[in-house]
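Source file: data.txt; contents: compact mmCIF, C-alpha atoms and all ligand atoms.
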```txt
# COMPACT_ATOMS: atom_id res chain seq x y z
CA MET A 57 -23.11 -71.12 -36.77
CA ASN A 58 -20.69 -68.20 -36.69
CA GLU A 59 -18.12 -68.17 -39.48
CA VAL A 60 -14.91 -66.11 -39.41
CA GLY A 61 -11.72 -65.81 -41.41
CA ALA A 62 -9.43 -65.97 -38.39
CA LEU A 63 -10.18 -66.76 -34.77
CA ILE A 64 -7.59 -65.75 -32.22
CA VAL A 65 -7.88 -67.53 -28.89
CA GLY A 66 -6.27 -65.44 -26.12
CA GLY A 67 -6.34 -61.68 -25.71
CA GLY A 68 -2.90 -61.10 -24.24
CA PHE A 69 -0.26 -58.90 -25.88
CA TYR A 70 0.45 -61.60 -28.48
CA GLY A 71 -3.17 -62.40 -29.40
CA CYS A 72 -4.01 -58.71 -29.81
CA HIS A 73 -0.98 -58.10 -32.03
CA ILE A 74 -1.66 -61.14 -34.19
CA ALA A 75 -5.26 -60.03 -34.70
CA LEU A 76 -4.02 -56.61 -35.89
CA ALA A 77 -1.34 -58.13 -38.13
CA LEU A 78 -3.85 -60.46 -39.81
CA LYS A 79 -6.26 -57.62 -40.41
CA GLU A 80 -3.46 -55.63 -42.04
CA LEU A 81 -2.72 -58.61 -44.27
CA GLY A 82 -6.26 -58.58 -45.61
CA PHE A 83 -8.24 -60.97 -43.41
CA ASN A 84 -11.68 -59.38 -43.22
CA ARG A 85 -13.48 -61.31 -40.46
CA VAL A 86 -11.07 -61.44 -37.55
CA ARG A 87 -12.44 -62.41 -34.16
CA LEU A 88 -10.55 -62.56 -30.86
CA ILE A 89 -11.88 -64.42 -27.84
CA GLU A 90 -10.51 -63.91 -24.33
CA ARG A 91 -11.82 -65.74 -21.32
CA GLU A 92 -11.00 -62.98 -18.84
CA ASN A 93 -13.25 -59.91 -18.76
CA GLY A 94 -10.58 -57.66 -20.25
CA LEU A 95 -7.57 -57.73 -22.56
CA MET A 96 -4.09 -58.41 -21.16
CA ARG A 97 -5.16 -59.57 -17.70
CA ARG A 98 -2.87 -62.58 -17.37
CA ALA A 99 0.88 -62.92 -18.11
CA SER A 100 0.83 -59.69 -20.10
CA TYR A 101 -0.14 -57.93 -16.86
CA VAL A 102 1.50 -60.05 -14.16
CA ASN A 103 5.13 -59.80 -15.16
CA GLN A 104 8.26 -57.89 -14.28
CA ALA A 105 7.55 -55.16 -16.83
CA ARG A 106 11.13 -55.07 -18.07
CA VAL A 107 11.78 -54.11 -21.68
CA HIS A 108 14.90 -56.19 -22.13
CA ASN A 109 17.91 -54.49 -23.66
CA GLY A 110 20.29 -57.43 -23.52
CA TYR A 111 21.88 -56.88 -20.08
CA HIS A 112 20.09 -59.84 -18.59
CA TYR A 113 21.91 -62.35 -20.76
CA PRO A 114 25.67 -61.92 -20.20
CA ARG A 115 26.15 -65.61 -20.89
CA SER A 116 24.25 -65.62 -24.20
CA LEU A 117 25.50 -63.28 -26.90
CA PRO A 118 22.72 -64.13 -29.44
CA THR A 119 19.94 -63.41 -26.91
CA GLY A 120 21.68 -60.21 -25.86
CA MET A 121 21.95 -59.10 -29.48
CA SER A 122 18.33 -59.92 -30.35
CA SER A 123 17.08 -58.04 -27.27
CA ARG A 124 19.11 -55.02 -28.37
CA ARG A 125 17.55 -55.14 -31.82
CA ASN A 126 13.98 -55.16 -30.50
CA PHE A 127 14.52 -52.71 -27.63
CA SER A 128 14.85 -49.48 -29.61
CA ARG A 129 11.90 -50.30 -31.81
CA PHE A 130 9.71 -51.20 -28.83
CA VAL A 131 10.60 -48.00 -26.99
CA GLU A 132 10.02 -45.89 -30.08
CA GLU A 133 6.62 -47.40 -30.80
CA HIS A 134 5.43 -47.51 -27.18
CA SER A 135 6.75 -44.28 -25.71
CA PHE A 136 3.29 -43.72 -24.16
CA ALA A 137 3.74 -46.85 -22.01
CA ILE A 138 7.34 -46.35 -20.92
CA VAL A 139 7.99 -45.25 -17.35
CA PRO A 140 10.11 -42.09 -17.54
CA ASN A 141 13.09 -41.09 -15.41
CA VAL A 142 14.02 -44.44 -13.93
CA GLN A 143 17.68 -45.43 -13.91
CA MET A 144 18.28 -49.18 -14.04
CA VAL A 145 21.24 -50.28 -11.93
CA TYR A 146 22.81 -53.70 -12.40
CA GLY A 147 24.69 -54.84 -9.28
CA ILE A 148 27.23 -57.61 -9.84
CA ALA A 149 27.33 -59.95 -6.85
CA ARG A 150 30.71 -61.21 -5.61
CA ASN A 151 29.44 -64.77 -6.07
CA SER A 152 27.99 -64.00 -9.50
CA ARG A 153 28.57 -66.21 -12.54
CA VAL A 154 30.04 -63.18 -14.30
CA THR A 155 32.50 -60.64 -12.91
CA GLY A 156 32.07 -56.89 -13.24
CA SER A 157 34.65 -56.69 -16.01
CA GLN A 158 33.05 -59.59 -17.91
CA PHE A 159 29.68 -57.83 -17.66
CA ALA A 160 31.16 -54.56 -18.97
CA ARG A 161 32.87 -56.41 -21.84
CA PHE A 162 29.62 -58.16 -22.74
CA CYS A 163 27.78 -54.81 -22.81
CA SER A 164 30.37 -53.38 -25.14
CA GLU A 165 30.15 -56.48 -27.39
CA ILE A 166 26.40 -56.05 -27.83
CA GLY A 167 26.70 -52.26 -28.03
CA ALA A 168 24.63 -51.64 -24.89
CA PRO A 169 25.57 -48.52 -22.90
CA CYS A 170 26.77 -49.13 -19.34
CA ARG A 171 28.79 -47.04 -16.88
CA GLU A 172 30.14 -47.93 -13.48
CA ASP A 173 27.99 -46.10 -10.90
CA LYS A 174 29.98 -45.37 -7.76
CA GLN A 175 27.21 -43.30 -6.19
CA ALA A 176 24.62 -46.06 -6.53
CA MET A 177 27.20 -48.48 -5.13
CA VAL A 178 27.50 -46.40 -1.95
CA GLU A 179 23.80 -45.64 -1.61
CA LEU A 180 22.38 -49.07 -2.41
CA PHE A 181 24.71 -51.99 -1.93
CA ASP A 182 26.77 -53.82 0.68
CA PRO A 183 30.29 -53.86 -0.85
CA ALA A 184 31.06 -57.13 0.96
CA LEU A 185 28.50 -58.87 -1.26
CA ILE A 186 28.36 -56.68 -4.37
CA GLU A 187 31.57 -56.26 -6.37
CA THR A 188 30.48 -53.30 -8.47
CA CYS A 189 27.41 -51.81 -10.15
CA PHE A 190 26.54 -50.24 -13.49
CA SER A 191 23.90 -47.78 -14.62
CA VAL A 192 22.42 -49.02 -17.86
CA ASN A 193 19.77 -48.17 -20.41
CA GLU A 194 16.80 -50.40 -19.60
CA ILE A 195 13.23 -49.55 -18.72
CA ALA A 196 9.85 -50.65 -17.42
CA PHE A 197 6.60 -50.67 -19.37
CA ASP A 198 3.08 -49.97 -18.13
CA SER A 199 0.99 -52.97 -19.18
CA THR A 200 -2.28 -51.10 -18.57
CA ALA A 201 -1.22 -48.40 -21.05
CA LEU A 202 -0.36 -51.12 -23.59
CA ALA A 203 -3.78 -52.72 -23.02
CA ARG A 204 -5.63 -49.42 -23.48
CA ASP A 205 -3.74 -48.71 -26.70
CA LEU A 206 -4.43 -52.18 -28.09
CA ALA A 207 -8.15 -51.95 -27.25
CA VAL A 208 -8.38 -48.71 -29.26
CA ARG A 209 -6.44 -50.17 -32.20
CA LEU A 210 -8.47 -53.40 -32.28
CA ASN A 211 -11.67 -51.40 -32.26
CA ALA A 212 -10.45 -49.05 -35.02
CA ALA A 213 -9.43 -52.05 -37.13
CA GLY A 214 -12.92 -53.54 -36.80
CA ILE A 215 -11.74 -56.65 -34.98
CA ASP A 216 -14.53 -58.46 -33.21
CA CYS A 217 -13.31 -58.85 -29.60
CA ARG A 218 -15.34 -61.12 -27.37
CA LEU A 219 -14.37 -60.84 -23.70
CA GLY A 220 -15.36 -63.40 -21.08
CA VAL A 221 -15.46 -66.06 -23.79
CA SER A 222 -13.37 -69.23 -23.68
CA GLY A 223 -12.80 -71.66 -26.50
CA ARG A 224 -11.51 -75.11 -27.32
CA ILE A 225 -10.78 -76.62 -30.72
CA SER A 226 -13.11 -79.52 -31.38
CA SER A 227 -12.53 -80.62 -35.00
CA TRP A 228 -11.06 -79.59 -38.33
CA ASN A 229 -11.18 -80.44 -42.02
CA ALA A 230 -9.27 -79.29 -45.12
CA SER A 231 -10.97 -75.89 -45.27
CA SER A 232 -11.83 -74.91 -41.70
CA VAL A 233 -11.54 -75.48 -37.96
CA LEU A 234 -14.42 -75.80 -35.53
CA VAL A 235 -13.99 -74.15 -32.14
CA GLU A 236 -16.48 -74.69 -29.33
CA THR A 237 -16.73 -71.42 -27.46
CA SER A 238 -18.71 -70.53 -24.36
CA GLU A 239 -21.06 -68.56 -26.62
CA GLY A 240 -21.51 -71.29 -29.20
CA PRO A 241 -19.58 -72.97 -32.03
CA VAL A 242 -17.42 -70.90 -34.38
CA ARG A 243 -16.08 -72.11 -37.72
CA ALA A 244 -12.81 -70.41 -38.68
CA GLN A 245 -10.60 -70.63 -41.72
CA TYR A 246 -7.60 -70.17 -39.45
CA VAL A 247 -7.19 -70.46 -35.69
CA PHE A 248 -4.38 -68.84 -33.69
CA ASN A 249 -3.72 -70.35 -30.30
CA CYS A 250 -2.28 -67.45 -28.27
CA THR A 251 -3.02 -68.85 -24.85
CA TYR A 252 0.56 -68.78 -23.45
CA ALA A 253 0.59 -71.06 -20.37
CA TYR A 254 -2.45 -72.91 -21.75
CA LEU A 255 -0.90 -73.47 -25.19
CA ASP A 256 -1.02 -77.24 -24.84
CA SER A 257 -4.61 -77.32 -23.52
CA LEU A 258 -6.57 -76.14 -26.55
CA GLY A 259 -7.49 -79.55 -27.95
CA ILE A 260 -4.63 -80.01 -30.42
CA ARG A 261 -1.18 -81.55 -30.24
CA THR A 262 1.75 -79.14 -29.96
CA ARG A 263 5.28 -80.10 -31.00
CA ASN A 264 6.94 -77.46 -28.87
CA ARG A 265 6.58 -78.53 -25.27
CA ILE A 266 6.27 -76.01 -22.49
CA LYS A 267 7.04 -76.13 -18.82
CA LYS A 268 4.64 -74.21 -16.63
CA GLU A 269 5.99 -72.44 -13.60
CA LEU A 270 3.87 -70.87 -10.87
CA ALA A 271 5.58 -67.51 -10.30
CA GLU A 272 5.17 -65.05 -7.43
CA ILE A 273 5.79 -61.35 -7.87
CA ALA A 274 5.93 -59.47 -4.57
CA LEU A 275 4.71 -55.88 -4.71
CA VAL A 276 6.51 -53.42 -2.46
CA GLN A 277 6.84 -49.73 -1.68
CA PRO A 278 10.56 -49.24 -2.25
CA PRO A 279 12.92 -47.41 0.13
CA ARG A 280 13.72 -43.73 -0.61
CA GLN A 281 17.18 -44.71 -1.94
CA MET A 282 15.40 -46.50 -4.80
CA LYS A 283 13.48 -43.41 -5.90
CA GLY A 284 14.10 -42.98 -9.62
CA ARG A 285 16.00 -46.24 -9.71
CA ALA A 286 15.45 -49.91 -10.46
CA VAL A 287 17.83 -52.66 -9.42
CA THR A 288 18.85 -56.01 -10.83
CA VAL A 289 21.46 -58.13 -9.08
CA MET A 290 23.36 -60.53 -11.33
CA ASP A 291 24.12 -63.28 -12.23
CA GLY A 292 22.66 -66.28 -10.49
CA PRO A 293 20.13 -66.82 -7.69
CA PHE A 294 19.62 -63.11 -6.98
CA PHE A 295 16.79 -60.61 -7.33
CA SER A 296 15.33 -57.56 -9.12
CA SER A 297 13.20 -54.70 -7.93
CA MET A 298 11.60 -52.55 -10.62
CA PRO A 299 8.67 -50.20 -11.06
CA PHE A 300 5.33 -51.97 -11.45
CA PRO A 301 3.59 -49.05 -13.14
CA ALA A 302 0.15 -50.64 -13.35
CA LEU A 303 -0.17 -50.40 -9.57
CA SER A 304 2.20 -47.47 -8.89
CA CYS A 305 4.55 -49.54 -6.78
CA TYR A 306 7.61 -51.76 -7.31
CA SER A 307 7.89 -55.47 -7.96
CA LEU A 308 10.36 -57.69 -6.17
CA THR A 309 11.26 -60.98 -7.82
CA HIS A 310 13.88 -63.49 -6.82
CA VAL A 311 15.45 -66.19 -8.98
CA ARG A 312 15.21 -68.69 -6.12
CA TYR A 313 11.86 -67.79 -4.54
CA THR A 314 9.69 -66.45 -7.38
CA PRO A 315 9.19 -69.88 -9.02
CA HIS A 316 7.06 -71.94 -6.62
CA MET A 317 6.60 -75.10 -8.62
CA SER A 318 6.72 -76.29 -12.19
CA TRP A 319 5.19 -79.00 -14.34
CA SER A 320 5.07 -79.86 -18.00
CA LYS A 321 2.05 -82.14 -18.28
CA PRO A 322 -0.74 -80.56 -20.36
CA GLY A 323 -4.08 -79.98 -18.72
CA ASP A 324 -2.90 -79.32 -15.18
CA ASP A 325 -2.89 -75.59 -15.35
CA ALA A 326 -4.76 -74.24 -12.35
CA LEU A 327 -3.05 -71.60 -10.21
CA ARG A 328 -2.40 -73.16 -6.81
CA PHE A 329 -1.32 -70.87 -4.01
CA GLU A 330 0.65 -72.37 -1.23
CA GLY A 331 1.64 -69.27 0.70
CA SER A 332 3.77 -66.29 -0.17
CA ARG A 333 7.56 -66.41 -0.24
CA SER A 334 7.83 -62.64 -0.04
CA GLU A 335 9.54 -62.77 3.36
CA ALA A 336 12.35 -64.91 2.00
CA MET A 337 12.69 -62.57 -1.00
CA MET A 338 12.86 -59.51 1.24
CA ARG A 339 15.31 -61.10 3.67
CA ASP A 340 17.74 -62.06 0.92
CA ALA A 341 17.43 -58.71 -0.88
CA MET A 342 18.28 -56.91 2.40
CA ARG A 343 21.59 -58.76 2.63
CA TYR A 344 22.77 -57.24 -0.65
CA MET A 345 20.87 -53.97 -0.31
CA PRO A 346 20.53 -53.00 3.35
CA CYS A 347 18.20 -50.11 2.44
CA MET A 348 15.55 -52.66 1.44
CA SER A 349 14.77 -52.94 5.16
CA ASP A 350 12.92 -49.63 4.68
CA SER A 351 10.68 -51.07 1.98
CA THR A 352 7.12 -52.20 2.71
CA TYR A 353 5.61 -55.41 1.44
CA LEU A 354 2.14 -54.81 -0.03
CA ARG A 355 0.93 -58.08 -1.52
CA SER A 356 1.85 -60.64 -4.13
CA LEU A 357 0.65 -61.42 -7.63
CA TYR A 358 0.81 -64.97 -8.96
CA GLU A 359 0.90 -66.09 -12.57
CA LEU A 360 1.85 -69.09 -14.65
CA LYS A 361 5.01 -68.61 -16.65
CA ALA A 362 5.39 -70.65 -19.85
CA ILE A 363 8.93 -71.79 -20.51
CA LEU A 364 9.77 -73.40 -23.80
CA ILE A 365 11.38 -76.83 -23.59
CA ARG A 366 13.36 -76.91 -26.79
CA SER A 367 14.06 -80.15 -28.63
CA GLU A 368 17.66 -80.54 -29.74
CA ASP A 369 17.11 -79.79 -33.41
CA SER A 370 14.84 -76.81 -32.86
CA ASP A 371 15.17 -73.17 -33.72
CA SER A 372 17.07 -71.34 -30.99
CA ARG A 373 14.85 -68.24 -31.04
CA PRO A 374 12.82 -68.14 -27.86
CA ILE A 375 9.48 -68.00 -29.60
CA VAL A 376 7.01 -70.50 -31.00
CA PHE A 377 5.17 -69.96 -34.25
CA GLU A 378 4.03 -73.49 -34.89
CA GLN A 379 1.73 -74.83 -37.55
CA SER A 380 -0.17 -77.69 -35.97
CA GLU A 381 0.54 -81.21 -37.16
CA ASP A 382 -3.21 -81.83 -36.76
CA SER A 383 -4.27 -79.09 -39.17
CA GLU A 384 -2.35 -76.62 -41.31
CA ARG A 385 -5.04 -74.08 -40.41
CA ILE A 386 -4.07 -73.96 -36.73
CA TYR A 387 -1.09 -72.03 -35.41
CA SER A 388 0.24 -71.88 -31.86
CA VAL A 389 2.15 -68.76 -30.88
CA LEU A 390 4.25 -68.09 -27.81
CA GLY A 391 6.73 -65.35 -27.05
CA SER A 392 9.07 -65.58 -24.12
CA LYS A 393 9.15 -61.81 -23.63
CA ILE A 394 7.09 -58.84 -24.73
CA ASP A 395 9.54 -57.47 -27.30
CA ASN A 396 9.68 -60.82 -29.16
CA ILE A 397 6.48 -59.60 -30.77
CA TYR A 398 8.54 -58.29 -33.67
CA ASP A 399 9.85 -61.79 -34.44
CA VAL A 400 6.26 -63.03 -34.48
CA HIS A 401 5.24 -60.17 -36.80
CA GLU A 402 7.93 -61.38 -39.22
CA TYR A 403 6.54 -64.93 -39.23
CA VAL A 404 3.00 -63.70 -39.87
CA LYS A 405 4.10 -61.40 -42.70
CA GLN A 406 6.38 -63.94 -44.38
CA LYS A 407 3.67 -66.56 -44.71
CA LEU A 408 1.29 -66.67 -47.62
CA TRP A 409 -2.28 -66.95 -46.39
CA PRO A 410 -4.73 -68.15 -49.00
CA LEU A 411 -7.58 -65.79 -48.10
CA GLN A 412 -11.29 -66.46 -48.06
C1 LIG C 1 6.36 -63.90 -13.76
C2 LIG C 1 6.62 -63.41 -15.16
C3 LIG C 1 7.55 -62.40 -15.39
C4 LIG C 1 7.80 -61.94 -16.69
N1 LIG C 1 8.64 -60.88 -16.87
C5 LIG C 1 8.78 -60.35 -18.11
C6 LIG C 1 9.52 -59.15 -18.31
O1 LIG C 1 10.02 -58.53 -17.37
N2 LIG C 1 9.66 -58.69 -19.59
C7 LIG C 1 9.08 -59.34 -20.65
O2 LIG C 1 9.23 -58.86 -21.79
N3 LIG C 1 8.36 -60.47 -20.49
C8 LIG C 1 8.18 -60.98 -19.24
N4 LIG C 1 7.41 -62.10 -19.07
C9 LIG C 1 6.88 -62.78 -20.26
C10 LIG C 1 5.67 -62.04 -20.83
O3 LIG C 1 4.79 -61.71 -19.78
C11 LIG C 1 4.99 -62.94 -21.85
O4 LIG C 1 5.92 -63.24 -22.88
C12 LIG C 1 3.80 -62.29 -22.52
O5 LIG C 1 2.97 -61.65 -21.60
C13 LIG C 1 3.01 -63.36 -23.25
O6 LIG C 1 1.89 -62.75 -23.83
P1 LIG C 1 0.70 -63.67 -24.28
O7 LIG C 1 -0.29 -62.83 -24.95
O8 LIG C 1 1.24 -64.85 -25.04
O9 LIG C 1 0.14 -64.31 -22.90
P2 LIG C 1 -1.03 -63.84 -21.93
O10 LIG C 1 -0.97 -62.43 -21.63
O11 LIG C 1 -1.07 -64.80 -20.77
O12 LIG C 1 -2.32 -64.08 -22.82
C14 LIG C 1 -2.90 -65.36 -23.03
C15 LIG C 1 -4.38 -65.18 -22.86
O13 LIG C 1 -5.07 -66.35 -23.27
C16 LIG C 1 -6.24 -66.45 -22.47
N5 LIG C 1 -6.73 -67.82 -22.59
C17 LIG C 1 -6.11 -68.96 -22.20
N6 LIG C 1 -6.83 -70.02 -22.53
C18 LIG C 1 -7.94 -69.56 -23.16
C19 LIG C 1 -9.07 -70.19 -23.73
N7 LIG C 1 -9.20 -71.52 -23.77
N8 LIG C 1 -10.04 -69.41 -24.29
C20 LIG C 1 -9.94 -68.05 -24.27
N9 LIG C 1 -8.87 -67.40 -23.74
C21 LIG C 1 -7.89 -68.15 -23.19
C22 LIG C 1 -5.77 -66.08 -21.09
O14 LIG C 1 -6.83 -65.67 -20.26
C23 LIG C 1 -4.78 -64.94 -21.40
O15 LIG C 1 -5.35 -63.67 -21.27
C24 LIG C 1 7.13 -62.57 -17.78
C25 LIG C 1 6.19 -63.57 -17.55
C26 LIG C 1 5.89 -63.97 -16.27
C27 LIG C 1 4.81 -64.98 -16.04
```
Translate the structure of the given file into structure tokens.
Ligand SMILES: Cc1cc2nc3c(=O)[nH]c(=O)nc-3n(C[C@H](O)[C@H](O)[C@H](O)COP(=O)(O)OP(=O)(O)OC[C@H]3O[C@@H](n4cnc5c(N)ncnc54)[C@H](O)[C@@H]3O)c2cc1C
Amino acid sequence: MNEVGALIVGGGFYGCHIALALKELGFNRVRLIERENGLMRRASYVNQARVHNGYHYPRSLPTGMSSRRNFSRFVEEHSFAIVPNVQMVYGIARNSRVTGSQFARFCSEIGAPCREDKQAMVELFDPALIETCFSVNEIAFDSTALARDLAVRLNAAGIDCRLGVSGRISSWNASSVLVETSEGPVRAQYVFNCTYAYLDSLGIRTRNRIKKELAEIALVQPPRQMKGRAVTVMDGPFFSSMPFPALSCYSLTHVRYTPHMSWSKPGDDALRFEGSRSEAMMRDAMRYMPCMSDSTYLRSLYELKAILIRSEDSDSRPIVFEQSEDSERIYSVLGSKIDNIYDVHEYVKQKLWPLQ
């Protein structure tokens, strides 16, 4: 029987970071298992690649503020994975839930730079549908660069990474947890469930409930007017088109068409394709941005998105760092966006871990 100090299930951005944080804290036998054949192949790869800087949340000051806090640190520490020379433009739709002046006021409240961009307005948008637009300080990250960096750091830290290995918790006692993995049983002093959309399928009860949403990201070659730009149209059932650096193209996502279906029952987590909605996304985007008619649809990526269903008395931070009610040696971790990793780091560091 294999015995380890900590077993991390899930090699996405969160699992990799937790493995590194535990090693730093003094755990000496840290193992990570990932059922895909590489690190960061699921939600950490199939996403919009936006490093949030608060602009997305004009109706939630606390979320805007916390994104601002994490943004600078993320950019500083991951400059190797940041796509250079792309100007993010936020277009404010005439039927948006916020007006242009409310958006500008919100940016100033959270201290996020924004300037009205008349040139982008002329080059990109239909003024009948878009009231105004702003150039802001927000960026895209290259998930493949993040994955390469994490692989090097995990290796240097001596973390035992097992790829193509899945696991499920089978039992626990006061001093350890038994995980059945596809390469045999592992006994761990602590287990970290970092499986994101599969958080509630690991064989333990979770207090924080999640809704799973099948999301479609259309990949496109953008029109020439988008060169060096990214666009987000706010605030309501609109769309974004941003660099997707991992495949040297752009993503197109739409608030109405990207989510295909959702469910919250555990154990029903297969990806089920029922046909692309890219045409509907493109058609609607063209109404607001006529130049999108010169873009080319390439293909779509599909992924499950985990959305936290908060109970009334819960913490309002959009992350989970939950000690299991089944065993105090099992933790479930979920971050709603990449830069929330710093909040998770805090939880890991604040806790006292009686070590082996
Ligand atoms: C459509 C979409 C768009 C998004 N856009 C953004 C964005 O623009 N900006 C942003 O910051 N965030 C965005 N997010 C959120 C972000 O992608 C996630 O917060 C982040 O990737 C979660 O990382 P993770 O490591 O928890 O999950 P994942 O990367 O999914 O890692 C979980 C891993 O667990 C593995 N696993 C599951 N079950 C088992 C098992 N039993 N045994 C072994 N391994 C297992 C999976 O294979 C997977 O690799 C988006 C998410 C989606 C889905």
Excluding Gly331 (chain A) and any residue of its chain fewer than 3 positions from it, enumerate the residues within 12 Å of it, using all atoms listed in the file, and give them as a ChimeraX atom specification. /A:270-272,274,313-314,316,328,334-336,355-358
Expected residue set, 12 Å radius at (12.6, -55.4, -34.0), all atoms listed in the file, as a PyMOL selection string: chain A and resi 109+121-133+394-402
Keeping only C-alpha atoms, take the residues you just selected and write them out as a PDB file, keeping the file's coordinate frame.
```pdb
ATOM      1  CA  ASN A 109      17.910 -54.490 -23.660  1.00  0.00           C
ATOM      2  CA  MET A 121      21.950 -59.100 -29.480  1.00  0.00           C
ATOM      3  CA  SER A 122      18.330 -59.920 -30.350  1.00  0.00           C
ATOM      4  CA  SER A 123      17.080 -58.040 -27.270  1.00  0.00           C
ATOM      5  CA  ARG A 124      19.110 -55.020 -28.370  1.00  0.00           C
ATOM      6  CA  ARG A 125      17.550 -55.140 -31.820  1.00  0.00           C
ATOM      7  CA  ASN A 126      13.980 -55.160 -30.500  1.00  0.00           C
ATOM      8  CA  PHE A 127      14.520 -52.710 -27.630  1.00  0.00           C
ATOM      9  CA  SER A 128      14.850 -49.480 -29.610  1.00  0.00           C
ATOM     10  CA  ARG A 129      11.900 -50.300 -31.810  1.00  0.00           C
ATOM     11  CA  PHE A 130       9.710 -51.200 -28.830  1.00  0.00           C
ATOM     12  CA  VAL A 131      10.600 -48.000 -26.990  1.00  0.00           C
ATOM     13  CA  GLU A 132      10.020 -45.890 -30.080  1.00  0.00           C
ATOM     14  CA  GLU A 133       6.620 -47.400 -30.800  1.00  0.00           C
ATOM     15  CA  ILE A 394       7.090 -58.840 -24.730  1.00  0.00           C
ATOM     16  CA  ASP A 395       9.540 -57.470 -27.300  1.00  0.00           C
ATOM     17  CA  ASN A 396       9.680 -60.820 -29.160  1.00  0.00           C
ATOM     18  CA  ILE A 397       6.480 -59.600 -30.770  1.00  0.00           C
ATOM     19  CA  TYR A 398       8.540 -58.290 -33.670  1.00  0.00           C
ATOM     20  CA  ASP A 399       9.850 -61.790 -34.440  1.00  0.00           C
ATOM     21  CA  VAL A 400       6.260 -63.030 -34.480  1.00  0.00           C
ATOM     22  CA  HIS A 401       5.240 -60.170 -36.800  1.00  0.00           C
ATOM     23  CA  GLU A 402       7.930 -61.380 -39.220  1.00  0.00           C
TER      24      GLU A 402
END
```
With 8 Å of padding per side, what axis-aligned box (centre and edge lengths, Å, one decimal) covers all the listed atoms of region 95-103 of chain A? Give it as AutoDock Vina command-line options.
```
--center_x -1.2 --center_y -60.3 --center_z -18.4 --size_x 28.7 --size_y 21.2 --size_z 24.4
```
Give the residues close to ligand LIG 1 (chain C), within 7 Å, counting all atoms listed in the file; write them as a PyMOL selection string. chain A and resi 65-71+89-92+95-108+221-224+250-254+258+271-273+359-362+390-395
Residue nearest Asn141 (chain A) among A:His112, A:Lys283, A:Arg87, A:Arg265 (counting all atoms listed in the file):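 Of A:His112, A:Lys283, A:Arg87, A:Arg265, the one nearest Asn141 (chain A) is A:Lys283, counting all atoms listed in the file.
Using all atoms listed in the file for every distance, the candidate list A:Asn264, A:Leu210, A:Ala341, A:Ile148 yields A:Asn264 as the residue closest to Pro374 (chain A).
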Can you tell me how far CA of Met282 (chain A) sits from CA of Ile195 (chain A), in Å to one decimal? 14.4 Å
Need to verify the contact set: region 214-216 of chain A, 12 Å, only C-alpha atoms, exclusion of same-chain residues closer than 6 positions in sequence. Can you return it as a list in words?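 My reading of the contact set: Val60, Gly61, Ala62, Leu63, Ile64, Gly67, Gly71, Cys72, His73, Ile74, Ala75, Leu76, Ala77, Leu78, Lys79, Glu80, Phe83, Asn84, Arg85, Val86, Arg87, Leu88, Ile89, Glu90, Leu206, Ala207 and Val208 of chain A.
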Need to verify the contact set: Leu275 (chain A), 8 Å, all atoms listed in the file, exclusion of same-chain residues closer than 3 positions in sequence. Can you return it as a ChimeraX atom specification? /A:300,305-308,353-357
